[in-house]
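Student: Quick one: structure below, then a few questions.
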Protein chains: 4
Amino acid sequence: MASPASELARTAPVPPPFDIVRAAFVELRVTDLGASEAFYAGLLGMIVSARTDDAVYLRGWEERQHHSLILRQSPPAQPAAAARLGFRVRTEDDLDLAAAHFAQQGLTARWIEAGSDPGLGRALRVWDPFGYPLEFFGTIEQVATQHQRFDLHRGAPLLRFDHVNLHAPQVEDAFRFWLSLGFRCSEYISTDDAATERMTGAWLLRKPTVHDVALTAGTGPRLHHFAYWVTDPAGVMRACDQLAGGYRTDVIERGPGRHGVSNAFFVYLRDPDGHRIELYSCDYYTGDPDHQPLRWSVNDPRCRSFYGTRAPDSWYEESSLLLGPDGEPVPIASANVDERAQRSEVAA
Amino acid sequence: MASPASELARTAPVPPPFDIVRAAFVELRVTDLGASEAFYAGLLGMIVSARTDDAVYLRGWEERQHHSLILRQSPPAQPAAAARLGFRVRTEDDLDLAAAHFAQQGLTARWIEAGSDPGLGRALRVWDPFGYPLEFFGTIEQVATQHQRFDLHRGAPLLRFDHVNLHAPQVEDAFRFWLSLGFRCSEYISTDDAATERMTGAWLLRKPTVHDVALTAGTGPRLHHFAYWVTDPAGVMRACDQLAGGYRTDVIERGPGRHGVSNAFFVYLRDPDGHRIELYSCDYYTGDPDHQPLRWSVNDPRCRSFYGTRAPDSWYEESSLLLGPDGEPVPIASANVDERAQRSEVAA
Amino acid sequence: MASPASELARTAPVPPPFDIVRAAFVELRVTDLGASEAFYAGLLGMIVSARTDDAVYLRGWEERQHHSLILRQSPPAQPAAAARLGFRVRTEDDLDLAAAHFAQQGLTARWIEAGSDPGLGRALRVWDPFGYPLEFFGTIEQVATQHQRFDLHRGAPLLRFDHVNLHAPQVEDAFRFWLSLGFRCSEYISTDDAATERMTGAWLLRKPTVHDVALTAGTGPRLHHFAYWVTDPAGVMRACDQLAGGYRTDVIERGPGRHGVSNAFFVYLRDPDGHRIELYSCDYYTGDPDHQPLRWSVNDPRCRSFYGTRAPDSWYEESSLLLGPDGEPVPIASANVDERAQRSEVAA
Amino acid sequence: MASPASELARTAPVPPPFDIVRAAFVELRVTDLGASEAFYAGLLGMIVSARTDDAVYLRGWEERQHHSLILRQSPPAQPAAAARLGFRVRTEDDLDLAAAHFAQQGLTARWIEAGSDPGLGRALRVWDPFGYPLEFFGTIEQVATQHQRFDLHRGAPLLRFDHVNLHAPQVEDAFRFWLSLGFRCSEYISTDDAATERMTGAWLLRKPTVHDVALTAGTGPRLHHFAYWVTDPAGVMRACDQLAGGYRTDVIERGPGRHGVSNAFFVYLRDPDGHRIELYSCDYYTGDPDHQPLRWSVNDPRCRSFYGTRAPDSWYEESSLLLGPDGEPVPIASANVDERAQRSEVAA
């Protein structure tokens with residue numbers, strides 16, 4: 001018998017097998033590295049921390065972690081994709097616990113040597129049961145924050161990496177996986193019939209904000225977007241004004257607007273390969289141990305868009321492919337909820 | 001030979017036959033006066049200046065003019081409509097000059113006695129050659145501004161009446177009419193073939209802001225919207241948050257967003273009868289005598305929407321009917337530009 | 001030999017004797033309960049969660065915790081004071097660990113029965129070695145958040161309790177106490193001579209923001225202020241406009257402005273008894289385990305006030321007394337740093 | 001018998017002897033042209049329109065008028081000063097009317113040839129009865145606006161010249177002078193005894209905003225400040241953050257804050273010679289012919305500072321000298337109101 005979504009969402013947290021601090025970076029494979037650097041560093045104003053032969057490492061203005069975004073040139077004839085979703089664990093010991101945990105589960109995992117990426121310690125790359133490439137690390141070089149160099153911020157004042165949002169064909173199965181790693185649920189969307197209630201979206205966290213990982217029903221496994229924190233709605237709109245003022249309205253896909261879910265005041269941009277980045281502000285504190293998830297009905301129009309603005313179809317349909325252990329894109333499958341439900345989801 | 005749109009837009013101003021200060025009010029006929037008052041006073045937070053048997057008179061928080069919005073109960077079985085578009089002239093003498101001017105043009109005009117509306121002096125009601133019901137006045141009761149009572153503002157911080165936007169089947173003809181009254185053009189939209197260039201939208205002013213009257217190609221004569229000034233984008237978004245927070249996302253039709261034309265940061269709301277009100281901020285100074293109009297191509301996507309967000313069809317298609325001299329809605333005709341051009345217009 | 005301040009600030013965290021989640025509430029003794037409720041609920045717009053014979057329990061708009069501010073009528077002839085500083089611990093077991101820990105240290109401690117305050121579970125009240133009345137609890141009633149009821153927010157949009165700031169005669173001694181409870185340091189201010197460097201202010205955290213507790217050199221023990229989180233600078237200024245617009249400029253003591261320390265965009269208000277509340281926005285993420293404290297020189301003018309605005313003397317000199325175990329105000333002593341250094345502190 | 005201030009403030013407007021459109025520019029004499037250009041163009045981000053051997057011509061981001069700020073190198077050993085306050089008149093004919101008017105009044109006046117400044121037509125320079133150097137012009141080169149190039153704005157987003165504020169020893173006499181040129185009063189400050197009421201500050205306008213010229217009681221004639229319009233409070237604060245973020249807190253003299261008078265949300269900066277520039281936002285529409293001035297009591301603390309923040313003494317005491325017909329600074333005299341009244345003035 002299927003567990004109704006709300007019961008699942010309210011599952012008591014389990015003692016985590018190892019201690020994940022937060023979602024911390026993504027690596028994007030891009031078809032034209034120069035164009036991608038021009039987008040993230042030139043247009044959006046991110047800080048370049050390092051360059052290698054085939055990659056550029058960037059960070060936001062607040063960040064002290066060496067990098068939170070890696071752009072890497074795809075081999076010729078290979079499509080753009082997201083190569084890995086990085087998570088920080090608390091200590092090096094947690095990495096060993098993670099390796100043991102995933103080995104027990106029979107998941108494909110690999111150790112990545114320290115220094116394979118500038119500034120990064122050893123890492124454990126794991127493909128979860130659904131094909132998402134996760135990477136865990138416990139050590140990264142610390143650099144000086146540029147938080148208060150307001151005179152240098154420009155483009156889109158991206159402060160720090162906040163979360164990833166995943167298109168998942170079976171949200172509830174993915175939800176159980178993250179729960180098993182010690183994540184808690186802050187908000188979820190579900191269908192309205194209590195007996196057959198299905199979860200169509202979920203926001204999951206380790207750090208005490210609304211989320212580190214969001215799951216939204218859709219063809220997958222794919223990365224819907226990754227998000228950087230921006231101070232406030234004024235910062236989100238300033239980004240829009242700067243982009244449009246510089247004749248780059250074309251990179252704005254959706255917004256500015258507010259999600260009911262997560263309370264985010266957002267704008268979504270698409271990079272030259274179509275990877276989607278969210279500028280995200282206005283979430284809230286979730287760190288109390290008895291914090292209970294909020295439910296949204298999939299039929300509540302405010303859940304999708306607090307102000308009622310319709311999202312373009314591309315926002316519901318398009319997502320980044322993910323790389324499998326063989327370096328090829330992970331095969332995707334359609335969602336197990338109908339199209340209508342998909343349109344009702346909100347990714348925040 | 002048809003005058004290309006840009007030549008028309010750049011016509012030198014003529015000495016006006018009488019001195020219009022600015023667009024100053026609208027009267028809306030509504031099908032449920034209580035519901036309309038609940039919308040404008042209750043939900044949007046406007047100040048009620050007076051009530052009569054069949055009407056409510058409202059003003060914005062900055063305004064000292066007795067009222068800038070009149071809601072009047074429609075007779076049974078009559079549709080909602082806009083009854084008159086009010087313009088302030090400089091002196092009572094200007095009213096007499098106006099009467100003589102319109103009489104010479106053979107337009108239908110009527111004197112309205114002082115006191116027919118609370119606080120309002122005598123007025124001249126005129127139907128322009130296209131059927132728009134205009135009303136000119138030179139005297140109105142002054143009341144105390146509530147500009148700095150920030151503690152009382154709520155809903156949508158509407159400060160003052162700013163402009164009307166008219167759906168006009170033949171924009172260029174209407175443009176010439178307003179030009180003859182001493183209006184100047186700040187911005188316009190036109191088609192791209194220089195030889196056959198057609199104007200599809202125009203922003204016209206007496207007070208030194210972007211406009212008092214906008215004309216946008218479309219089935220008409222109809223009132224597309226009237227607009228109130230809001231301090232800044234933060235105020236526009238606060239209005240959206242308050243509306244959505246109070247479960248009234250349904251009244252938000254378009255936005256928040258920015259128009260390329262006029263630079264407005266806006267949101268459009270629909271009242272219970274579908275009358276459209278814009279919260280408007282961010283325009284600019286146009287009072288220098290050599291101020292030249294800016295041209296936008298009808299094919300420039302930023303003209304429609306600076307951030308690229310698609311407007312809902314309703315925003316292009318729906319407008320308020322206007323009342324004719326017989327109290328019946330003025331018959332409407334389709335625009336003389338094609339549907340594609342209509343979609344390209346921006347009303348700001 | 002005195003440990004220089006920077007060495008102290010960078011002390012590696014110790015395993016905490018029990019798990020404190022965050023600073024969670026304050027109780028203020030007030031001389032006129034009605035006037036105080038009018039200030040916090042009426043003027044600032046906080047939500048009243050409960051009233052008892054002698055107390056009012058309030059919370060911010062985001063909060064699900066039953067209350068975060070308690071106003072209690074002082075007995076006749078007793079001065080206003082802060083009665084307790086509340087901290088949430090993770091579990092009920094942590095309370096027992098806390099009791100054992102403080103007993104071992106020989107501190108005065110008392111168990112408070114569950115229900116002594118509406119909604120609150122059993123609590124452990126402890127006077128720390130300097131006389132600050134701390135209270136630890138692990139259970140509190142959860143209520144519905146009003147986070148997105150933007151239509152109801154007014155006055156000062158206080159979202160959630162953020163931190164307390166303490167006037168401490170000997171900052172370094174107090175710093176060591178908090179360190180021993182598992183707190184970490186995000187920022188500190190110190191004198192410039194490396195050999196004799198003294199700490200004159202410190203920001204200490206459990207939840208991953210800039211702080212839960214700040215210590216600033218000054219006559220003490222006293223409570224300098226408690227702070228509520230506000231979404232953004234626009235919210236802080238809206239609060240100022242609403243207060244001044246309603247003729248209550250008198251309650252604004254300092255700001256709006258920004259601190260260099262903590263990056264806070266703030267305003268400080270004084271309640272009818274002179275208790276000080278800060279509206280606080282714009283801090284940053286501090287949750288990474290290798291997060292290192294930032295140092296500010298006591299001579300850096302941006303540390304005090306990022307924009308250079310001079311704080312009034314009252315802000316440096318006045319603070320709330322604290323209640324001792326006997327219900328009388330704890331005796332106070334002057335700071336062990338000179339007056340000049342005091343003026344250089346920034347409390348954020 | 002002296003006319004009480006309120007009677008003076010409410011004097012009916014006279015038909016102006018010639019048509020002044022608005023305050024349009026200032027010329028500053030500076031002791032280090034490179035340092036001044038670095039301040040206005042480099043730090044504040046203004047656009048350089050032209051450079052000559054001894055001068056730099058700048059404009060704001062919205063402006064189409066060739067320049068609104070002239071920086072000119074002072075001869076060696078001559079102090080910094082303001083050389084002229086520029087006003088636009090409607091037509092060239094108005095210039096001739098102005099010349100006749102001032103000749104009749106026996107004022108020192110000179111014609112300046114067209115082209116003496118890049119882009120500027122012929123101009124009439126006049127020293128008013130109190131020694132302020134005024135310059136009137138009717139023609140200036142038009143350039144492209146950069147209003148929507150939000151991607152290029154930086155530092156302090158100065159959009160357009162707004163007003164000048166003059167330290168005047170005898171406010172009421174100066175007030176009468178400006179009245180005679182067709183200016184109207186929007187707000188004024190006066191003492192509280194009705195019989196002997198004295199005006200200590202006045203805001204006077206031609207364009208329909210709060211002012212083009214403000215008069216504040218103080219040692220003079222001197223230029224207290226000139227002001228540029230900034231979109232909104234968020235823009236004012238962004239300027240502060242960018243200045244402080246770039247370690248230039250030293251240039252911020254007062255603010256950010258709000259004046260009760262004029263409703264301005266402001267910040268005041270000092271350039272390398274001490275000339276004062278205000279970033280100004282949030283005023284209101286004053287164009288209706290029956291617009292009545294608002295009175296503020298000199299004893300109302302909100303008048304000085306809506307939020308109650310004390311201005312530094314320098315803001316009350318320091319102002320730019322003005323150049324006389326002989327190229328030497330105009331001798332100054334103390335105000336005819338006492339020191340207390342001076343402190344109570346607000347310049348907006």
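Numbering starts fresh at 1 for the residues of each chain in the structure tokens, the chains themselves are lettered A, B, ... in the order given, and ligands are numbered from 1 as they appear.
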Sort by chain and increasing residue number a table of all residues of chain B within 10 Å of chain A, each with its closest pair of atoms and their distance in Å to one decimal, counting only C-alpha atoms, and write it as JSON lines.

Tutor:
```
{"residue": "B:Pro233", "atom": "CA", "partner": "A:Ala234", "partner_atom": "CA", "distance": 8.1}
{"residue": "B:Ala234", "atom": "CA", "partner": "A:Ala234", "partner_atom": "CA", "distance": 7.0}
{"residue": "B:Met237", "atom": "CA", "partner": "A:Pro233", "partner_atom": "CA", "distance": 8.6}
{"residue": "B:Cys240", "atom": "CA", "partner": "A:Tyr307", "partner_atom": "CA", "distance": 6.5}
{"residue": "B:Asp241", "atom": "CA", "partner": "A:Tyr307", "partner_atom": "CA", "distance": 7.6}
{"residue": "B:Leu243", "atom": "CA", "partner": "A:Tyr307", "partner_atom": "CA", "distance": 8.2}
{"residue": "B:Ala244", "atom": "CA", "partner": "A:Tyr307", "partner_atom": "CA", "distance": 6.0}
{"residue": "B:Gly245", "atom": "CA", "partner": "A:Phe306", "partner_atom": "CA", "distance": 8.2}
{"residue": "B:Tyr247", "atom": "CA", "partner": "A:Arg302", "partner_atom": "CA", "distance": 8.2}
{"residue": "B:Arg248", "atom": "CA", "partner": "A:Tyr307", "partner_atom": "CA", "distance": 8.8}
{"residue": "B:Thr249", "atom": "CA", "partner": "A:Tyr307", "partner_atom": "CA", "distance": 5.4}
{"residue": "B:Asp250", "atom": "CA", "partner": "A:Gly308", "partner_atom": "CA", "distance": 7.1}
{"residue": "B:Val251", "atom": "CA", "partner": "A:Gly308", "partner_atom": "CA", "distance": 9.0}
{"residue": "B:Ile252", "atom": "CA", "partner": "A:Tyr307", "partner_atom": "CA", "distance": 6.5}
{"residue": "B:Glu253", "atom": "CA", "partner": "A:Gly308", "partner_atom": "CA", "distance": 7.6}
{"residue": "B:Arg254", "atom": "CA", "partner": "A:Thr309", "partner_atom": "CA", "distance": 6.8}
{"residue": "B:Gly255", "atom": "CA", "partner": "A:Thr309", "partner_atom": "CA", "distance": 7.0}
{"residue": "B:Pro256", "atom": "CA", "partner": "A:Gly257", "partner_atom": "CA", "distance": 7.1}
{"residue": "B:Gly257", "atom": "CA", "partner": "A:Pro256", "partner_atom": "CA", "distance": 7.1}
{"residue": "B:Arg258", "atom": "CA", "partner": "A:Asp241", "partner_atom": "CA", "distance": 8.5}
{"residue": "B:Gly260", "atom": "CA", "partner": "A:Ala244", "partner_atom": "CA", "distance": 9.0}
{"residue": "B:Val267", "atom": "CA", "partner": "A:Tyr307", "partner_atom": "CA", "distance": 9.9}
{"residue": "B:Pro301", "atom": "CA", "partner": "A:Thr249", "partner_atom": "CA", "distance": 8.3}
{"residue": "B:Arg302", "atom": "CA", "partner": "A:Thr249", "partner_atom": "CA", "distance": 7.0}
{"residue": "B:Ser305", "atom": "CA", "partner": "A:Thr249", "partner_atom": "CA", "distance": 9.0}
{"residue": "B:Phe306", "atom": "CA", "partner": "A:Ala244", "partner_atom": "CA", "distance": 6.0}
{"residue": "B:Tyr307", "atom": "CA", "partner": "A:Thr249", "partner_atom": "CA", "distance": 5.4}
{"residue": "B:Gly308", "atom": "CA", "partner": "A:Thr249", "partner_atom": "CA", "distance": 5.9}
{"residue": "B:Thr309", "atom": "CA", "partner": "A:Arg254", "partner_atom": "CA", "distance": 6.8}
{"residue": "B:Arg310", "atom": "CA", "partner": "A:Pro312", "partner_atom": "CA", "distance": 8.2}
{"residue": "B:Ala311", "atom": "CA", "partner": "A:Thr309", "partner_atom": "CA", "distance": 8.7}
{"residue": "B:Pro312", "atom": "CA", "partner": "A:Arg310", "partner_atom": "CA", "distance": 8.2}
```

Student: Create the file for the chosen residues now, containing N, CA and C atoms and written as a tab-separated table (two decimals), in the first residue's frame.

Tutor:
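Printed below is part.tsv as written:
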```
chain	number	residue	atom	x	y	z
B	233	PRO	N	9.83	50.67	-7.22
B	233	PRO	CA	9.60	49.23	-7.43
B	233	PRO	C	9.33	48.49	-6.13
B	234	ALA	N	9.99	48.88	-5.04
B	234	ALA	CA	9.72	48.22	-3.76
B	234	ALA	C	8.25	48.37	-3.38
B	237	MET	N	6.11	45.96	-5.54
B	237	MET	CA	6.20	44.58	-5.08
B	237	MET	C	5.54	44.38	-3.74
B	240	CYS	N	2.04	43.74	-4.47
B	240	CYS	CA	1.83	42.36	-4.93
B	240	CYS	C	1.84	41.40	-3.76
B	241	ASP	N	2.79	41.58	-2.86
B	241	ASP	CA	2.89	40.69	-1.71
B	241	ASP	C	1.66	40.80	-0.81
B	243	LEU	N	-1.37	41.74	-1.73
B	243	LEU	CA	-2.53	41.15	-2.42
B	243	LEU	C	-2.46	39.63	-2.38
B	244	ALA	N	-1.31	39.08	-2.75
B	244	ALA	CA	-1.18	37.62	-2.77
B	244	ALA	C	-1.23	37.05	-1.36
B	245	GLY	N	-0.61	37.76	-0.41
B	245	GLY	CA	-0.62	37.32	0.98
B	245	GLY	C	-2.03	37.24	1.53
B	247	TYR	N	-4.58	36.35	-0.20
B	247	TYR	CA	-5.31	35.40	-1.06
B	247	TYR	C	-6.07	36.08	-2.19
B	248	ARG	N	-5.51	37.18	-2.69
B	248	ARG	CA	-6.15	37.85	-3.82
B	248	ARG	C	-5.23	37.92	-5.04
B	249	THR	N	-4.49	36.83	-5.24
B	249	THR	CA	-3.67	36.71	-6.45
B	249	THR	C	-4.54	36.90	-7.70
B	250	ASP	N	-5.81	36.55	-7.59
B	250	ASP	CA	-6.71	36.65	-8.75
B	250	ASP	C	-6.82	38.06	-9.31
B	251	VAL	N	-6.58	39.09	-8.54
B	251	VAL	CA	-6.73	40.45	-9.06
B	251	VAL	C	-5.48	40.94	-9.81
B	252	ILE	N	-4.39	40.18	-9.70
B	252	ILE	CA	-3.16	40.57	-10.40
B	252	ILE	C	-3.20	40.00	-11.83
B	253	GLU	N	-3.20	40.90	-12.81
B	253	GLU	CA	-3.28	40.41	-14.19
B	253	GLU	C	-1.91	40.28	-14.83
B	254	ARG	N	-1.05	41.25	-14.60
B	254	ARG	CA	0.26	41.25	-15.26
B	254	ARG	C	1.27	41.93	-14.36
B	255	GLY	N	2.43	41.29	-14.22
B	255	GLY	CA	3.50	41.88	-13.47
B	255	GLY	C	3.66	41.24	-12.11
B	256	PRO	N	4.56	41.75	-11.30
B	256	PRO	CA	5.34	42.96	-11.49
B	256	PRO	C	6.38	42.80	-12.61
B	257	GLY	N	6.68	43.91	-13.26
B	257	GLY	CA	7.66	43.90	-14.33
B	257	GLY	C	7.99	45.31	-14.75
B	258	ARG	N	8.83	45.42	-15.75
B	258	ARG	CA	9.18	46.75	-16.25
B	258	ARG	C	8.85	46.83	-17.73
B	260	GLY	N	9.89	48.51	-21.28
B	260	GLY	CA	10.95	49.28	-21.91
B	260	GLY	C	10.43	50.69	-22.16
B	267	VAL	N	2.64	47.03	-12.02
B	267	VAL	CA	1.78	45.84	-11.94
B	267	VAL	C	0.39	46.28	-12.36
B	301	PRO	N	11.57	43.18	-28.56
B	301	PRO	CA	10.89	42.51	-27.44
B	301	PRO	C	11.00	43.29	-26.13
B	302	ARG	N	12.04	44.07	-25.95
B	302	ARG	CA	12.18	44.83	-24.70
B	302	ARG	C	11.14	45.93	-24.60
B	305	SER	N	8.19	44.22	-23.00
B	305	SER	CA	8.48	43.74	-21.64
B	305	SER	C	9.99	43.73	-21.49
B	306	PHE	N	10.48	44.62	-20.64
B	306	PHE	CA	11.92	44.80	-20.52
B	306	PHE	C	12.60	43.50	-20.09
B	307	TYR	N	11.92	42.71	-19.28
B	307	TYR	CA	12.51	41.47	-18.78
B	307	TYR	C	12.07	40.26	-19.63
B	308	GLY	N	11.23	40.50	-20.64
B	308	GLY	CA	10.87	39.41	-21.53
B	308	GLY	C	9.67	38.59	-21.12
B	309	THR	N	9.05	38.92	-19.99
B	309	THR	CA	7.88	38.15	-19.54
B	309	THR	C	6.70	38.39	-20.48
B	310	ARG	N	6.06	37.33	-20.91
B	310	ARG	CA	4.93	37.44	-21.82
B	310	ARG	C	3.70	37.94	-21.07
B	311	ALA	N	3.02	38.94	-21.64
B	311	ALA	CA	1.77	39.41	-21.05
B	311	ALA	C	0.66	38.43	-21.38
B	312	PRO	N	-0.31	38.25	-20.48
B	312	PRO	CA	-1.44	37.38	-20.82
B	312	PRO	C	-2.28	38.01	-21.93
```

Student: Show which residues sit within 12 Å of C:Pro75, as a list in words. Count only C-alpha atoms, and ignore same-chain residues fewer than 2 positions away.

Tutor: Arg29, Val30, Thr31, Asp32, Leu33, Asp54, Ala55, Arg72, Gln73, Ala77, Gln78, Pro79, Ala80, Ala81, Gly327 and Glu328 of chain C

Student: Quick one: superpose chain D on chain C on all Cα atoms, same order, and give the RMSD.

Tutor: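 Rounded to one decimal, the C-alpha RMSD is 0.0 Å.
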
Student: Using DSSP on the backbone coordinates, identify all residues within stretch 212-311 of chain A classified as helix (DSSP H, G or I); present the result as number ranges by chain.

Tutor: A: 233-245, 249-251, 261-263, 301-304

Student: Write the residues of the preceding selection, restricted to N, CA and C atoms, as a JSON list (two decimals), in the first residue's frame.

Tutor:
```
[["chain", "number", "residue", "atom", "x", "y", "z"],
["A", 233, "PRO", "N", 14.79, 41.18, -2.67],
["A", 233, "PRO", "CA", 14.10, 41.42, -3.94],
["A", 233, "PRO", "C", 14.70, 42.58, -4.73],
["A", 234, "ALA", "N", 15.14, 43.60, -4.04],
["A", 234, "ALA", "CA", 15.76, 44.72, -4.76],
["A", 234, "ALA", "C", 16.97, 44.25, -5.55],
["A", 235, "GLY", "N", 17.73, 43.31, -5.01],
["A", 235, "GLY", "CA", 18.89, 42.76, -5.71],
["A", 235, "GLY", "C", 18.48, 41.92, -6.91],
["A", 236, "VAL", "N", 17.41, 41.18, -6.77],
["A", 236, "VAL", "CA", 16.92, 40.38, -7.90],
["A", 236, "VAL", "C", 16.50, 41.30, -9.04],
["A", 237, "MET", "N", 15.78, 42.36, -8.71],
["A", 237, "MET", "CA", 15.32, 43.26, -9.76],
["A", 237, "MET", "C", 16.46, 44.05, -10.36],
["A", 238, "ARG", "N", 17.44, 44.39, -9.53],
["A", 238, "ARG", "CA", 18.59, 45.10, -10.07],
["A", 238, "ARG", "C", 19.30, 44.22, -11.11],
["A", 239, "ALA", "N", 19.37, 42.94, -10.82],
["A", 239, "ALA", "CA", 19.96, 42.01, -11.78],
["A", 239, "ALA", "C", 19.17, 42.04, -13.09],
["A", 240, "CYS", "N", 17.85, 41.99, -12.99],
["A", 240, "CYS", "CA", 17.02, 42.03, -14.20],
["A", 240, "CYS", "C", 17.26, 43.32, -14.97],
["A", 241, "ASP", "N", 17.31, 44.43, -14.26],
["A", 241, "ASP", "CA", 17.52, 45.72, -14.92],
["A", 241, "ASP", "C", 18.88, 45.78, -15.61],
["A", 242, "GLN", "N", 19.88, 45.23, -14.95],
["A", 242, "GLN", "CA", 21.20, 45.27, -15.55],
["A", 242, "GLN", "C", 21.27, 44.36, -16.79],
["A", 243, "LEU", "N", 20.64, 43.21, -16.71],
["A", 243, "LEU", "CA", 20.65, 42.31, -17.87],
["A", 243, "LEU", "C", 19.88, 42.93, -19.03],
["A", 244, "ALA", "N", 18.68, 43.40, -18.75],
["A", 244, "ALA", "CA", 17.87, 43.98, -19.82],
["A", 244, "ALA", "C", 18.48, 45.28, -20.32],
["A", 245, "GLY", "N", 19.03, 46.08, -19.40],
["A", 245, "GLY", "CA", 19.67, 47.33, -19.79],
["A", 245, "GLY", "C", 20.84, 47.11, -20.74],
["A", 249, "THR", "N", 17.97, 40.68, -22.41],
["A", 249, "THR", "CA", 16.68, 40.17, -21.98],
["A", 249, "THR", "C", 16.54, 38.68, -22.35],
["A", 250, "ASP", "N", 17.22, 38.27, -23.39],
["A", 250, "ASP", "CA", 17.10, 36.88, -23.85],
["A", 250, "ASP", "C", 17.53, 35.86, -22.80],
["A", 251, "VAL", "N", 18.36, 36.23, -21.85],
["A", 251, "VAL", "CA", 18.81, 35.23, -20.86],
["A", 251, "VAL", "C", 17.82, 35.09, -19.71],
["A", 261, "VAL", "N", 5.54, 28.51, -2.59],
["A", 261, "VAL", "CA", 6.47, 27.57, -1.96],
["A", 261, "VAL", "C", 7.79, 28.26, -1.70],
["A", 262, "SER", "N", 8.28, 28.18, -0.53],
["A", 262, "SER", "CA", 9.61, 28.66, -0.10],
["A", 262, "SER", "C", 9.66, 30.16, 0.10],
["A", 263, "ASN", "N", 8.63, 30.87, -0.35],
["A", 263, "ASN", "CA", 8.59, 32.33, -0.22],
["A", 263, "ASN", "C", 9.65, 33.03, -1.06],
["A", 301, "PRO", "N", -3.08, 27.90, -7.09],
["A", 301, "PRO", "CA", -2.30, 28.67, -8.06],
["A", 301, "PRO", "C", -1.18, 29.49, -7.42],
["A", 302, "ARG", "N", -1.33, 29.86, -6.15],
["A", 302, "ARG", "CA", -0.28, 30.64, -5.49],
["A", 302, "ARG", "C", 0.97, 29.80, -5.27],
["A", 303, "CYS", "N", 0.79, 28.50, -5.19],
["A", 303, "CYS", "CA", 1.94, 27.61, -4.99],
["A", 303, "CYS", "C", 2.89, 27.75, -6.16],
["A", 304, "ARG", "N", 2.36, 27.73, -7.37],
["A", 304, "ARG", "CA", 3.17, 27.88, -8.58],
["A", 304, "ARG", "C", 3.77, 29.27, -8.67]]
```

Student: Quote the spacing between atom CA of D:Pro133 and atom CA of D:Asp212 in Å to one decimal place.

Tutor: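 If I compute the distance from atom CA of D:Pro133 to atom CA of D:Asp212, I get 15.3 Å.
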
Student: Give me the residues within 8 Å of B:Cys282 as an MDAnalysis selection string, counting only C-alpha atoms and dropping any in the same chain fewer than 2 places off.

Tutor: (chainID B and resid 231:233 263:265 280 284) or (chainID D and resid 231)

Student: Near stretch 137-139 of chain B, within 8 Å and counting only C-alpha atoms, which residues show up once chain neighbours fewer than 2 positions away are dropped, as an MDAnalysis selection string?

Tutor: chainID B and resid 86:92 94:95 120:124 135 141

Student: Atoms to include: C-alpha atoms. Write the selected residues as a PDB file, in the first residue's frame.

Tutor:
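This is the output file selection_24.pdb:
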```pdb
ATOM      1  CA  GLY B  86     -10.993  64.075 -16.335  1.00  0.00           C
ATOM      2  CA  PHE B  87      -8.393  66.712 -17.185  1.00  0.00           C
ATOM      3  CA  ARG B  88      -7.501  69.743 -15.151  1.00  0.00           C
ATOM      4  CA  VAL B  89      -7.104  73.048 -16.975  1.00  0.00           C
ATOM      5  CA  ARG B  90      -5.150  75.935 -15.535  1.00  0.00           C
ATOM      6  CA  THR B  91      -7.908  78.535 -15.014  1.00  0.00           C
ATOM      7  CA  GLU B  92     -11.625  78.954 -15.347  1.00  0.00           C
ATOM      8  CA  ASP B  94      -9.320  77.987 -20.029  1.00  0.00           C
ATOM      9  CA  LEU B  95     -12.644  76.210 -19.684  1.00  0.00           C
ATOM     10  CA  LEU B 120     -15.726  69.823  -8.152  1.00  0.00           C
ATOM     11  CA  GLY B 121     -16.323  73.154  -9.925  1.00  0.00           C
ATOM     12  CA  ARG B 122     -18.108  73.550 -13.237  1.00  0.00           C
ATOM     13  CA  ALA B 123     -16.880  71.169 -15.909  1.00  0.00           C
ATOM     14  CA  LEU B 124     -17.026  70.806 -19.655  1.00  0.00           C
ATOM     15  CA  GLU B 135     -14.127  66.208 -19.018  1.00  0.00           C
ATOM     16  CA  GLU B 141     -11.647  71.420  -3.492  1.00  0.00           C
TER      17      GLU B 141
END
```
